Amino acid sequence: MSRHVAIITDSTAYLPRSAVERHNIVTVPLTVVLGDQALEEGTEISARSLAQALQKRHSVTTSRPSPEIFAETYRAAADAGAQGIVSLHLSAELSGTYDAAVLAARDAPVPVRVVDTGMIAMALGFCALTAAETARAGGTLDETVAAAEKRAAGTHAYFYVDTLDYLRRGGRIGAAQALLGSALAVKPLLQLEGGRIEMLEKVRTASKAIARLEELAVECAGAGGVDIAVHHLAAPERASALAEKLRERVPGLGELHVSEVGAVIGAHTGPGLLGAVVSAR
């Protein structure tokens, strides 16, 4: 960990393992409850197992880390030499993770700045990477938080799901929007807006929706100077194809990550998810 500012995030950032190790980022896992089993995301349940459970319509729910887990993580960071901590988490509109971190921060042995990034998946991950780079360069707590918040402000997430049913069940999208999508047999395109998942467009077929997702990402990237992440759940061919098209079409593209989302996000989106995160550097 940085001798000065430690960076902590949660498992929904879906950062590449190599990036976590290179930047010494600590990841606190959320929990997936499958039947009567509580499993830690990223260590005890895989995205593939989650997809299979959803396809079989097994009961799947998620829960935040406890304040006690955050408290232990903050103490460990301080014991390792951190003089301050920046704790970056998924949108407080979607999870109680941020609230748990805030509770733990009150009694931490070193100053802790907890940030609601308003993001999910690599939209959160890019914020954590920027924070880690700033801290490594000697940034203060305030400078590290400001860098992460600036990155969040320049980051946009769009995604396609085969059905809104999983989002409706988890309370992440309104029942009226989900019902409308089902009644019209449309394929929804969604976006992260104000920390919430909002309907962006309704498209008639999956192929047209995925083509439109590509266009949205290209339009958002503009003249370039961006990093991009392509996410999927049980749809690797779709993700690879989208990534290759974006690589060809986005000028000055920086990093391009392709990954399967973990069980927490997957539980709320269902198999077939395809997402594009565009983040200005």
# chains A, B, ... in the order shown; residues from 1 in each chain; ligands from 1
>>> closest_atom_pairs(of="region 83-114 of chain A", to="region 73-77 of chain A", cutoff="10 Å", atoms="only C-alpha atoms", output="JSON lines")
{"residue": "A:Gln83", "atom": "CA", "partner": "A:Ala77", "partner_atom": "CA", "distance": 8.6}
{"residue": "A:Gly84", "atom": "CA", "partner": "A:Ala77", "partner_atom": "CA", "distance": 8.6}
{"residue": "A:Ile85", "atom": "CA", "partner": "A:Tyr74", "partner_atom": "CA", "distance": 7.5}
{"residue": "A:Val86", "atom": "CA", "partner": "A:Tyr74", "partner_atom": "CA", "distance": 9.9}
{"residue": "A:Ser87", "atom": "CA", "partner": "A:Tyr74", "partner_atom": "CA", "distance": 9.1}
{"residue": "A:Ala101", "atom": "CA", "partner": "A:Tyr74", "partner_atom": "CA", "distance": 9.5}
{"residue": "A:Ala104", "atom": "CA", "partner": "A:Tyr74", "partner_atom": "CA", "distance": 8.1}
{"residue": "A:Ala105", "atom": "CA", "partner": "A:Tyr74", "partner_atom": "CA", "distance": 7.7}
{"residue": "A:Asp107", "atom": "CA", "partner": "A:Tyr74", "partner_atom": "CA", "distance": 9.5}
{"residue": "A:Ala108", "atom": "CA", "partner": "A:Tyr74", "partner_atom": "CA", "distance": 6.2}
{"residue": "A:Pro109", "atom": "CA", "partner": "A:Arg75", "partner_atom": "CA", "distance": 6.5}
{"residue": "A:Val110", "atom": "CA", "partner": "A:Tyr74", "partner_atom": "CA", "distance": 8.0}
{"residue": "A:Pro111", "atom": "CA", "partner": "A:Tyr74", "partner_atom": "CA", "distance": 9.5}
{"residue": "A:Val112", "atom": "CA", "partner": "A:Tyr74", "partner_atom": "CA", "distance": 8.1}
>>> select_by_dssp(residues="region 80-275 of chain A", states="alpha helix (DSSP H)", output="NGL selection string")
:A and (97-105 or 121-136 or 141-153 or 165-169 or 175-183 or 206-221 or 236-249 or 263-269)
>>> residues_around(residues="region 61-68 of chain A", least_positions_apart="5", cutoff="10 Å", atoms="only C-alpha atoms", output="ChimeraX atom specification")
/A:10,28-35,38-41,73-74,95-105,169-170,263-265,267-268
>>> residues_around(residues="Leu141 (chain A)", least_positions_apart="4", cutoff="12 Å", atoms="only C-alpha atoms", output="list in words")
Ser2, His4, Val5, Ala6, Ile7, Ala82, Gln83, Gly84, Ile85, Val86, Ser87, Val110, Pro111, Val112, Arg113, Val114, Val115, Ala131, Ala132, Thr134, Ala135, Arg136, Ala137, Val145, Ala146, Ala147 and Ala148 of chain A
>>> closest_residue(among="A:Ala78, A:Ile197, A:Val277, A:Leu216", to="Gly154 (chain A)", atoms="only C-alpha atoms")
A:Val277
